[in-house]
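Source file: structure03.csv (CSV, C-alpha atoms)
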```csv
chain,number,residue,atom,x,y,z
A,25,MET,CA,-16.1,-137.6,22.5
A,26,SER,CA,-16.7,-135.3,25.5
A,27,ARG,CA,-16.0,-131.6,25.3
A,28,THR,CA,-13.0,-131.9,27.7
A,29,SER,CA,-11.5,-134.6,25.5
A,30,ARG,CA,-12.1,-132.6,22.4
A,31,LEU,CA,-10.3,-129.6,24.0
A,32,PHE,CA,-7.3,-131.7,24.9
A,33,LYS,CA,-7.2,-133.1,21.3
A,34,LEU,CA,-7.4,-129.6,19.9
A,35,MET,CA,-4.5,-128.5,22.1
A,36,ASP,CA,-2.5,-131.5,20.9
A,37,ALA,CA,-3.2,-130.6,17.3
A,38,LEU,CA,-2.1,-127.0,17.8
A,39,ARG,CA,1.0,-128.1,19.7
A,40,ALA,CA,2.1,-130.3,16.8
A,41,ARG,CA,2.0,-127.4,14.3
A,42,ARG,CA,4.8,-124.9,14.0
A,43,HIS,CA,2.9,-122.8,11.4
A,44,PRO,CA,-0.7,-121.5,11.4
A,45,VAL,CA,-3.4,-124.2,10.8
A,46,THR,CA,-6.8,-123.3,9.5
A,47,ALA,CA,-10.1,-124.2,11.3
A,48,ALA,CA,-11.0,-126.4,8.4
A,49,GLN,CA,-7.9,-128.4,8.8
A,50,LEU,CA,-8.4,-128.8,12.5
A,51,ALA,CA,-12.1,-129.7,11.9
A,52,ALA,CA,-11.1,-132.5,9.5
A,53,GLN,CA,-8.4,-133.8,11.9
A,54,LEU,CA,-10.8,-133.9,14.9
A,55,ALA,CA,-13.9,-134.9,12.9
A,56,VAL,CA,-16.0,-131.9,14.1
A,57,SER,CA,-17.5,-128.9,12.4
A,58,VAL,CA,-15.6,-125.7,11.7
A,59,ARG,CA,-18.0,-123.9,13.9
A,60,THR,CA,-17.1,-126.2,16.8
A,61,VAL,CA,-13.4,-125.5,16.2
A,62,TYR,CA,-14.2,-121.7,16.5
A,63,ARG,CA,-16.0,-122.2,19.8
A,64,ASP,CA,-13.3,-124.5,21.2
A,65,VAL,CA,-10.5,-122.1,20.3
A,66,GLN,CA,-12.4,-119.3,22.0
A,67,THR,CA,-12.8,-121.5,25.1
A,68,LEU,CA,-9.1,-122.2,25.2
A,69,VAL,CA,-8.3,-118.5,24.8
A,70,GLU,CA,-10.5,-117.8,27.8
A,71,LEU,CA,-8.7,-120.5,29.8
A,72,GLY,CA,-5.4,-118.7,29.1
A,73,ALA,CA,-4.1,-120.4,26.0
A,74,ARG,CA,-1.9,-118.0,23.9
A,75,ILE,CA,-3.4,-118.7,20.5
A,76,ASP,CA,-2.7,-116.2,17.7
A,77,GLY,CA,-4.7,-115.9,14.5
A,78,GLY,CA,-8.4,-116.0,13.7
A,79,ALA,CA,-11.1,-117.2,11.4
A,80,GLY,CA,-10.0,-117.4,7.8
A,81,VAL,CA,-6.3,-116.9,8.8
A,82,GLY,CA,-5.4,-119.9,10.8
A,83,TYR,CA,-4.3,-120.5,14.4
A,84,VAL,CA,-0.9,-121.0,16.0
A,85,LEU,CA,-0.3,-121.8,19.7
A,86,ARG,CA,2.5,-119.8,21.2
A,87,ALA,CA,4.8,-121.5,23.8
A,88,GLY,CA,4.2,-121.2,27.5
A,89,PHE,CA,0.7,-122.7,28.0
A,90,PHE,CA,0.1,-125.9,29.8
A,91,LEU,CA,-3.3,-127.4,30.2
A,92,PRO,CA,-3.4,-129.8,33.1
A,93,PRO,CA,-4.1,-132.5,34.0
A,94,LEU,CA,-2.1,-134.7,31.7
A,95,MET,CA,-4.2,-137.5,30.3
A,96,PHE,CA,-2.7,-140.4,28.5
A,97,GLY,CA,-4.3,-143.4,26.8
A,98,GLU,CA,-2.9,-146.9,26.9
A,99,ASP,CA,-1.2,-146.5,23.5
A,100,GLU,CA,0.3,-143.1,24.5
A,101,ILE,CA,1.7,-144.6,27.7
A,102,GLU,CA,3.3,-147.5,25.8
A,103,ALA,CA,4.8,-145.0,23.2
A,104,LEU,CA,6.3,-142.9,26.0
A,105,VAL,CA,7.8,-145.9,27.8
A,106,LEU,CA,9.1,-147.6,24.7
A,107,GLY,CA,10.7,-144.3,23.5
A,108,ALA,CA,12.3,-143.7,26.9
A,109,ARG,CA,13.6,-147.3,27.1
A,110,TRP,CA,15.1,-147.0,23.6
A,111,VAL,CA,16.9,-143.8,24.6
A,112,GLN,CA,18.2,-145.5,27.8
A,113,GLY,CA,19.8,-148.2,25.6
A,114,GLN,CA,21.8,-145.9,23.3
A,115,GLY,CA,25.0,-145.5,25.4
A,116,ASP,CA,24.5,-141.8,26.3
A,117,ALA,CA,24.3,-141.7,30.1
A,118,GLU,CA,23.0,-138.1,30.2
A,119,LEU,CA,20.1,-138.9,27.8
A,120,ALA,CA,19.4,-142.1,29.8
A,121,ARG,CA,19.0,-140.1,33.0
A,122,ALA,CA,16.9,-137.5,31.2
A,123,ALA,CA,14.6,-140.2,29.8
A,124,GLU,CA,14.1,-141.6,33.3
A,125,SER,CA,13.4,-138.2,34.7
A,126,VAL,CA,10.8,-137.4,32.0
A,127,LEU,CA,8.8,-140.6,32.8
A,128,ALA,CA,8.9,-139.7,36.5
A,129,LYS,CA,7.6,-136.2,35.8
A,130,ILE,CA,4.8,-137.5,33.5
A,131,ALA,CA,3.7,-140.0,36.2
A,132,ALA,CA,3.7,-137.3,38.8
A,133,ALA,CA,1.8,-134.8,36.7
A,134,SER,CA,-1.0,-137.2,35.8
A,135,PRO,CA,-4.2,-137.3,37.9
A,136,LYS,CA,-3.7,-141.1,38.2
A,137,ASP,CA,-0.5,-142.7,39.4
A,138,LEU,CA,0.9,-144.2,36.2
A,139,ARG,CA,4.1,-145.8,37.6
A,140,ASP,CA,2.6,-149.3,37.8
A,141,ASN,CA,1.3,-149.0,34.2
A,142,MET,CA,4.7,-147.8,33.0
A,143,ALA,CA,6.6,-150.6,34.8
A,144,ASP,CA,4.2,-153.3,33.6
A,145,THR,CA,4.1,-152.4,29.9
A,146,GLY,CA,5.1,-155.3,27.7
A,147,LEU,CA,7.2,-153.3,25.3
A,148,TRP,CA,11.0,-153.4,25.6
A,149,ALA,CA,13.8,-151.9,23.6
A,150,PRO,CA,17.2,-153.6,23.1
A,151,ARG,CA,20.3,-152.3,24.8
A,152,PHE,CA,23.1,-152.6,22.3
A,153,LYS,CA,26.5,-153.7,23.5
A,154,GLY,CA,29.9,-153.4,21.9
A,155,THR,CA,31.8,-150.4,20.6
A,156,ALA,CA,28.8,-148.2,19.8
A,157,GLN,CA,27.5,-148.7,23.3
A,158,ARG,CA,30.8,-147.6,24.8
A,159,ALA,CA,31.2,-144.6,22.5
A,160,GLN,CA,32.3,-141.5,24.3
A,161,GLY,CA,31.6,-137.8,23.6
A,162,LEU,CA,27.9,-138.1,22.8
A,163,GLY,CA,27.1,-135.4,25.3
A,164,VAL,CA,29.8,-133.1,24.0
A,165,ILE,CA,28.5,-133.5,20.4
A,166,ARG,CA,24.9,-132.9,21.4
A,167,ALA,CA,25.9,-129.7,23.2
A,168,ALA,CA,27.8,-128.5,20.2
A,169,ILE,CA,24.8,-129.1,17.9
A,170,ARG,CA,22.5,-127.2,20.3
A,171,ARG,CA,25.0,-124.3,20.7
A,172,GLU,CA,26.1,-124.4,17.1
A,173,CYS,CA,29.8,-124.6,18.0
A,174,LYS,CA,32.6,-126.1,16.0
A,175,LEU,CA,34.4,-129.3,17.1
A,176,TRP,CA,38.0,-130.3,16.7
A,177,ILE,CA,38.3,-134.1,16.4
A,178,ARG,CA,40.9,-136.7,15.8
A,179,TYR,CA,39.4,-139.3,13.6
A,180,THR,CA,40.5,-142.8,12.4
A,181,ASP,CA,38.8,-144.1,9.3
A,182,ALA,CA,38.1,-147.7,8.3
A,183,ALA,CA,41.5,-148.0,6.7
A,184,GLU,CA,43.0,-146.9,10.0
A,185,VAL,CA,44.2,-143.6,8.6
A,186,ALA,CA,44.1,-140.9,11.3
A,187,THR,CA,43.4,-137.2,10.6
A,188,GLU,CA,42.6,-134.1,12.6
A,189,ARG,CA,39.6,-132.1,11.5
A,190,VAL,CA,37.4,-129.2,12.4
A,191,ILE,CA,33.7,-130.1,11.9
A,192,TRP,CA,30.4,-128.3,12.2
A,193,PRO,CA,28.0,-131.0,13.6
A,194,VAL,CA,24.5,-130.7,12.4
A,195,ALA,CA,22.9,-134.0,13.3
A,196,LEU,CA,23.5,-137.1,15.4
A,197,GLY,CA,22.2,-140.5,14.2
A,198,PHE,CA,21.6,-143.6,16.4
A,199,PHE,CA,21.9,-146.8,14.3
A,200,GLU,CA,22.2,-150.4,15.4
A,201,GLY,CA,25.9,-151.0,15.8
A,202,ALA,CA,27.0,-147.4,15.2
A,203,ARG,CA,26.4,-143.8,16.2
A,204,ILE,CA,27.0,-141.3,13.4
A,205,VAL,CA,27.5,-137.5,13.5
A,206,ALA,CA,26.7,-135.7,10.3
A,207,ALA,CA,28.8,-132.6,9.9
A,208,TRP,CA,30.4,-130.1,7.6
A,209,CYS,CA,34.1,-131.0,7.4
A,210,GLU,CA,36.5,-128.1,6.9
A,211,LEU,CA,39.2,-130.6,5.7
A,212,ARG,CA,37.1,-132.0,2.9
A,213,ASN,CA,35.1,-128.8,2.3
A,214,ASP,CA,31.9,-130.9,2.2
A,215,PHE,CA,29.5,-132.8,4.4
A,216,ARG,CA,30.8,-136.0,5.9
A,217,HIS,CA,29.5,-138.7,8.3
A,218,PHE,CA,31.7,-139.8,11.2
A,219,ARG,CA,31.3,-142.9,13.4
A,220,ILE,CA,31.5,-141.8,17.0
A,221,ASP,CA,33.6,-144.9,18.0
A,222,ARG,CA,36.3,-143.8,15.6
A,223,ILE,CA,36.7,-140.4,17.2
A,224,SER,CA,39.6,-140.8,19.6
A,225,SER,CA,39.6,-137.2,20.8
A,226,LEU,CA,37.4,-134.2,20.5
A,227,GLU,CA,37.2,-130.7,21.9
A,228,THR,CA,34.6,-127.9,21.7
A,229,MET,CA,36.0,-124.9,20.0
A,230,ASP,CA,35.4,-121.3,20.8
A,231,ALA,CA,34.0,-120.7,17.3
A,232,ALA,CA,30.4,-120.7,16.1
A,233,PHE,CA,29.1,-122.0,12.8
A,234,PRO,CA,29.4,-119.4,10.1
A,235,ARG,CA,25.7,-119.9,9.3
A,236,PRO,CA,22.7,-121.1,11.3
A,237,ARG,CA,22.5,-124.9,11.9
A,238,ARG,CA,19.0,-124.9,10.4
A,239,GLU,CA,20.4,-123.8,7.0
A,240,LEU,CA,23.2,-126.3,7.3
A,241,ALA,CA,20.8,-129.1,8.1
A,242,LYS,CA,18.8,-128.3,5.0
A,243,LEU,CA,21.9,-128.4,2.8
A,244,TRP,CA,22.9,-131.7,4.5
A,245,ARG,CA,19.5,-133.3,3.7
A,246,GLU,CA,20.0,-132.2,0.1
A,247,HIS,CA,23.5,-133.6,0.1
A,248,ILE,CA,22.4,-137.1,1.3
A,249,LYS,CA,19.8,-137.3,-1.5
A,250,ARG,CA,22.4,-136.8,-4.2
A,251,PRO,CA,23.5,-140.0,-5.8
A,252,ARG,CA,27.2,-140.9,-5.5
A,253,PRO,CA,28.6,-140.9,-9.1
A,254,GLU,CA,30.8,-144.0,-8.5
A,255,ALA,CA,28.0,-146.1,-6.9
A,256,GLY,CA,24.7,-144.5,-7.8
A,257,VAL,CA,23.5,-144.6,-4.1
A,258,PRO,CA,22.8,-141.8,-1.7
A,259,ASN,CA,26.0,-140.4,-0.1
A,260,HIS,CA,25.2,-141.0,3.5
A,261,VAL,CA,27.9,-143.5,4.6
A,262,ALA,CA,30.7,-142.7,7.0
A,263,ASP,CA,33.7,-140.8,5.7
A,264,ARG,CA,36.3,-143.3,4.5
A,265,ASN,CA,38.8,-140.8,3.1
```

Structure re-expressed in structure tokens:
Amino acid sequence: MSRTSRLFKLMDALRARRHPVTAAQLAAQLAVSVRTVYRDVQTLVELGARIDGGAGVGYVLRAGFFLPPLMFGEDEIEALVLGARWVQGQGDAELARAAESVLAKIAAASPKDLRDNMADTGLWAPRFKGTAQRAQGLGVIRAAIRRECKLWIRYTDAAEVATERVIWPVALGFFEGARIVAAWCELRNDFRHFRIDRISSLETMDAAFPRPRRELAKLWREHIKRPRPEAGVPNHVADRN
């Protein structure tokens, strides 16, 4: 491995970590010595990388540093294209446009024109049709999750019983045949899962979550791991109440 390639891999390893990572861990991941990691970190710092920490403590890369040019291997290009094509098939027009824009930016930022490679890759993702594909409101729900805003919805369950609810959306799941929003439901005073195609109306409310979404997401993950008393399976199906 050349030194340039090693520096890129070290940057990738640091970007992937949200918390400090020790030189020993980086050395094991990159198959180099700890001393080499020390030298390479110092080189990156001299190039302008905002790396906090030090020997014996661990390193963390702060946001705001970009090390051009972008270099991608064949597997990485295929992963990017497959992921973008999958997003384009999920029925969310805004995300589809964003995925196409991301690929264009990557191709333009690379030292070699990658557009032909991206167009000719043999990996394709299905574009699902039907009610899930025509589901409305995905953009509104994604914005509410980002902004941590409550939503008012009119929901019809599998038994065709309609209710009006205020929910705190914490996650949006894309499954074959259905799009599901996981949320705290004020009506049920518990977490519930709602199929997007059964939401006939929704509005963003001028009210924030009473606690950070990160905390709610943690509680939700604990909730779906709990067995349902009546069935003995995880409680992660759509609300049928």

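When CA of Glu246 (chain A) is paired with CA of Glu210 (chain A), their separation reads 18.3 Å.
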
Show me, as an mmCIF file with C-alpha atoms, in the coordinates of the input, the residues that have an atom within 9 Å of Glu124 (chain A) when counting all atoms listed in the file, minus same-chain residues fewer than 5 positions from it.
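File produced: out-v8.cif:
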```
data_model
loop_
_atom_site.group_PDB
_atom_site.id
_atom_site.type_symbol
_atom_site.label_atom_id
_atom_site.label_comp_id
_atom_site.auth_asym_id
_atom_site.auth_seq_id
_atom_site.Cartn_x
_atom_site.Cartn_y
_atom_site.Cartn_z
ATOM 1 C CA ALA A 108 12.300 -143.700 26.900
ATOM 2 C CA ARG A 109 13.600 -147.300 27.100
ATOM 3 C CA GLN A 112 18.200 -145.500 27.800
ATOM 4 C CA LEU A 119 20.100 -138.900 27.800
ATOM 5 C CA LYS A 129 7.600 -136.200 35.800
#
```

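A cut-off of 12 Å from the point (-13.3, -125.7, 9.9), with all atoms listed in the file, picks out the residues Val45, Thr46, Ala47, Ala48, Gln49, Leu50, Ala51, Ala52, Gln53, Leu54, Ala55, Val56, Ser57, Val58, Arg59, Thr60, Val61, Tyr62, Arg63, Asp64, Val65, Gly78, Ala79, Gly80, Val81, Gly82 and Tyr83 of chain A.
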
- prompt: Excluding same-chain residues fewer than 5 positions from Arg178 (chain A), what lies within 7 Å of it counting all atoms listed in the file, as a VMD selection string?
  reply: chain A and resid 186 to 189 223 to 226

- prompt: Counting all atoms listed in the file, which of A:Ala241, A:Met229, A:Ala168, A:Ile177 gets nearest to Ala206 (chain A)?
  reply: A:Ala241

Which residues are near Arg42 (chain A)? Cut-off 10 Å, all atoms listed in the file, ignore same chain within fewer than 2 positions. Put them as a short mmCIF file (atom, residue, chain, number, x, y, z; two decimals) with C-alpha atoms, in the frame of the given file.
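result.cif, written as the output of this step:
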```cif
data_model
loop_
_atom_site.label_atom_id
_atom_site.label_comp_id
_atom_site.auth_asym_id
_atom_site.auth_seq_id
_atom_site.Cartn_x
_atom_site.Cartn_y
_atom_site.Cartn_z
CA LEU A 38 -2.10 -127.00 17.80
CA ARG A 39 1.00 -128.10 19.70
CA ALA A 40 2.10 -130.30 16.80
CA PRO A 44 -0.70 -121.50 11.40
CA VAL A 45 -3.40 -124.20 10.80
CA VAL A 84 -0.90 -121.00 16.00
CA LEU A 85 -0.30 -121.80 19.70
CA ARG A 86 2.50 -119.80 21.20
#
```

- prompt: Got a sec: who's within 12 Å of region 235-237 of chain A, counting all atoms listed in the file, leaving out chain neighbours fewer than 4 positions off, as number ranges by chain?
  reply: A: 168-174, 192-195, 206-208, 231, 241-244

What would the file look like if the residues just selected were written as a PDB file, in the coordinates of the input with C-alpha atoms?
```pdb
ATOM      1  CA  ALA A 168      27.800-128.500  20.200  1.00  0.00           C
ATOM      2  CA  ILE A 169      24.800-129.100  17.900  1.00  0.00           C
ATOM      3  CA  ARG A 170      22.500-127.200  20.300  1.00  0.00           C
ATOM      4  CA  ARG A 171      25.000-124.300  20.700  1.00  0.00           C
ATOM      5  CA  GLU A 172      26.100-124.400  17.100  1.00  0.00           C
ATOM      6  CA  CYS A 173      29.800-124.600  18.000  1.00  0.00           C
ATOM      7  CA  LYS A 174      32.600-126.100  16.000  1.00  0.00           C
ATOM      8  CA  TRP A 192      30.400-128.300  12.200  1.00  0.00           C
ATOM      9  CA  PRO A 193      28.000-131.000  13.600  1.00  0.00           C
ATOM     10  CA  VAL A 194      24.500-130.700  12.400  1.00  0.00           C
ATOM     11  CA  ALA A 195      22.900-134.000  13.300  1.00  0.00           C
ATOM     12  CA  ALA A 206      26.700-135.700  10.300  1.00  0.00           C
ATOM     13  CA  ALA A 207      28.800-132.600   9.900  1.00  0.00           C
ATOM     14  CA  TRP A 208      30.400-130.100   7.600  1.00  0.00           C
ATOM     15  CA  ALA A 231      34.000-120.700  17.300  1.00  0.00           C
ATOM     16  CA  ALA A 241      20.800-129.100   8.100  1.00  0.00           C
ATOM     17  CA  LYS A 242      18.800-128.300   5.000  1.00  0.00           C
ATOM     18  CA  LEU A 243      21.900-128.400   2.800  1.00  0.00           C
ATOM     19  CA  TRP A 244      22.900-131.700   4.500  1.00  0.00           C
TER      20      TRP A 244
END
```

Mind rebuilding region 178-205 of chain A with N, CA and C atoms and writing that out as a compact mmCIF listing (two decimals), keeping the file's coordinate frame?
```txt
# COMPACT_ATOMS: atom_id res chain seq x y z
N ARG A 178 39.93 -135.84 16.41
CA ARG A 178 40.90 -136.70 15.80
C ARG A 178 40.20 -137.99 15.42
N TYR A 179 40.22 -138.29 14.13
CA TYR A 179 39.40 -139.30 13.60
C TYR A 179 40.22 -140.38 12.83
N THR A 180 39.87 -141.65 13.05
CA THR A 180 40.50 -142.80 12.40
C THR A 180 39.51 -143.45 11.48
N ASP A 181 39.76 -143.50 10.18
CA ASP A 181 38.80 -144.10 9.30
C ASP A 181 38.88 -145.60 9.22
N ALA A 182 38.09 -146.23 8.34
CA ALA A 182 38.10 -147.70 8.30
C ALA A 182 39.39 -148.27 7.83
N ALA A 183 40.19 -147.49 7.11
CA ALA A 183 41.50 -148.00 6.70
C ALA A 183 42.59 -147.67 7.72
N GLU A 184 42.14 -147.20 8.92
CA GLU A 184 43.00 -146.90 10.00
C GLU A 184 43.96 -145.73 9.73
N VAL A 185 43.50 -144.81 8.88
CA VAL A 185 44.20 -143.60 8.60
C VAL A 185 43.68 -142.49 9.55
N ALA A 186 44.55 -141.90 10.34
CA ALA A 186 44.10 -140.90 11.30
C ALA A 186 44.29 -139.49 10.75
N THR A 187 43.30 -138.65 11.01
CA THR A 187 43.40 -137.20 10.60
C THR A 187 42.80 -136.38 11.72
N GLU A 188 43.19 -135.11 11.69
CA GLU A 188 42.60 -134.10 12.60
C GLU A 188 41.75 -133.19 11.79
N ARG A 189 40.57 -132.91 12.30
CA ARG A 189 39.60 -132.10 11.50
C ARG A 189 38.86 -131.14 12.40
N VAL A 190 38.34 -130.11 11.75
CA VAL A 190 37.40 -129.20 12.40
C VAL A 190 36.05 -129.44 11.67
N ILE A 191 35.02 -129.74 12.46
CA ILE A 191 33.70 -130.10 11.90
C ILE A 191 32.63 -129.17 12.48
N TRP A 192 31.56 -129.02 11.74
CA TRP A 192 30.40 -128.30 12.20
C TRP A 192 29.25 -129.33 12.34
N PRO A 193 29.03 -129.91 13.50
CA PRO A 193 28.00 -131.00 13.60
C PRO A 193 26.61 -130.48 13.49
N VAL A 194 25.85 -131.14 12.63
CA VAL A 194 24.50 -130.70 12.40
C VAL A 194 23.43 -131.73 12.83
N ALA A 195 23.83 -133.01 12.93
CA ALA A 195 22.90 -134.00 13.30
C ALA A 195 23.61 -135.23 13.89
N LEU A 196 22.93 -135.95 14.78
CA LEU A 196 23.50 -137.10 15.40
C LEU A 196 22.55 -138.29 15.19
N GLY A 197 23.03 -139.34 14.52
CA GLY A 197 22.20 -140.50 14.20
C GLY A 197 22.51 -141.68 15.05
N PHE A 198 21.46 -142.37 15.53
CA PHE A 198 21.60 -143.60 16.40
C PHE A 198 21.18 -144.78 15.54
N PHE A 199 22.15 -145.58 15.11
CA PHE A 199 21.90 -146.80 14.30
C PHE A 199 22.30 -148.00 15.10
N GLU A 200 21.75 -149.15 14.73
CA GLU A 200 22.20 -150.40 15.40
C GLU A 200 23.63 -150.67 15.00
N GLY A 201 24.47 -150.69 16.02
CA GLY A 201 25.90 -151.00 15.80
C GLY A 201 26.74 -149.73 15.57
N ALA A 202 26.16 -148.55 15.45
CA ALA A 202 27.00 -147.40 15.20
C ALA A 202 26.21 -146.10 15.57
N ARG A 203 26.96 -145.11 16.03
CA ARG A 203 26.40 -143.80 16.20
C ARG A 203 27.17 -142.86 15.27
N ILE A 204 26.43 -142.07 14.51
CA ILE A 204 27.00 -141.30 13.40
C ILE A 204 26.72 -139.80 13.63
N VAL A 205 27.76 -138.97 13.49
CA VAL A 205 27.50 -137.50 13.50
C VAL A 205 27.69 -137.02 12.07
```
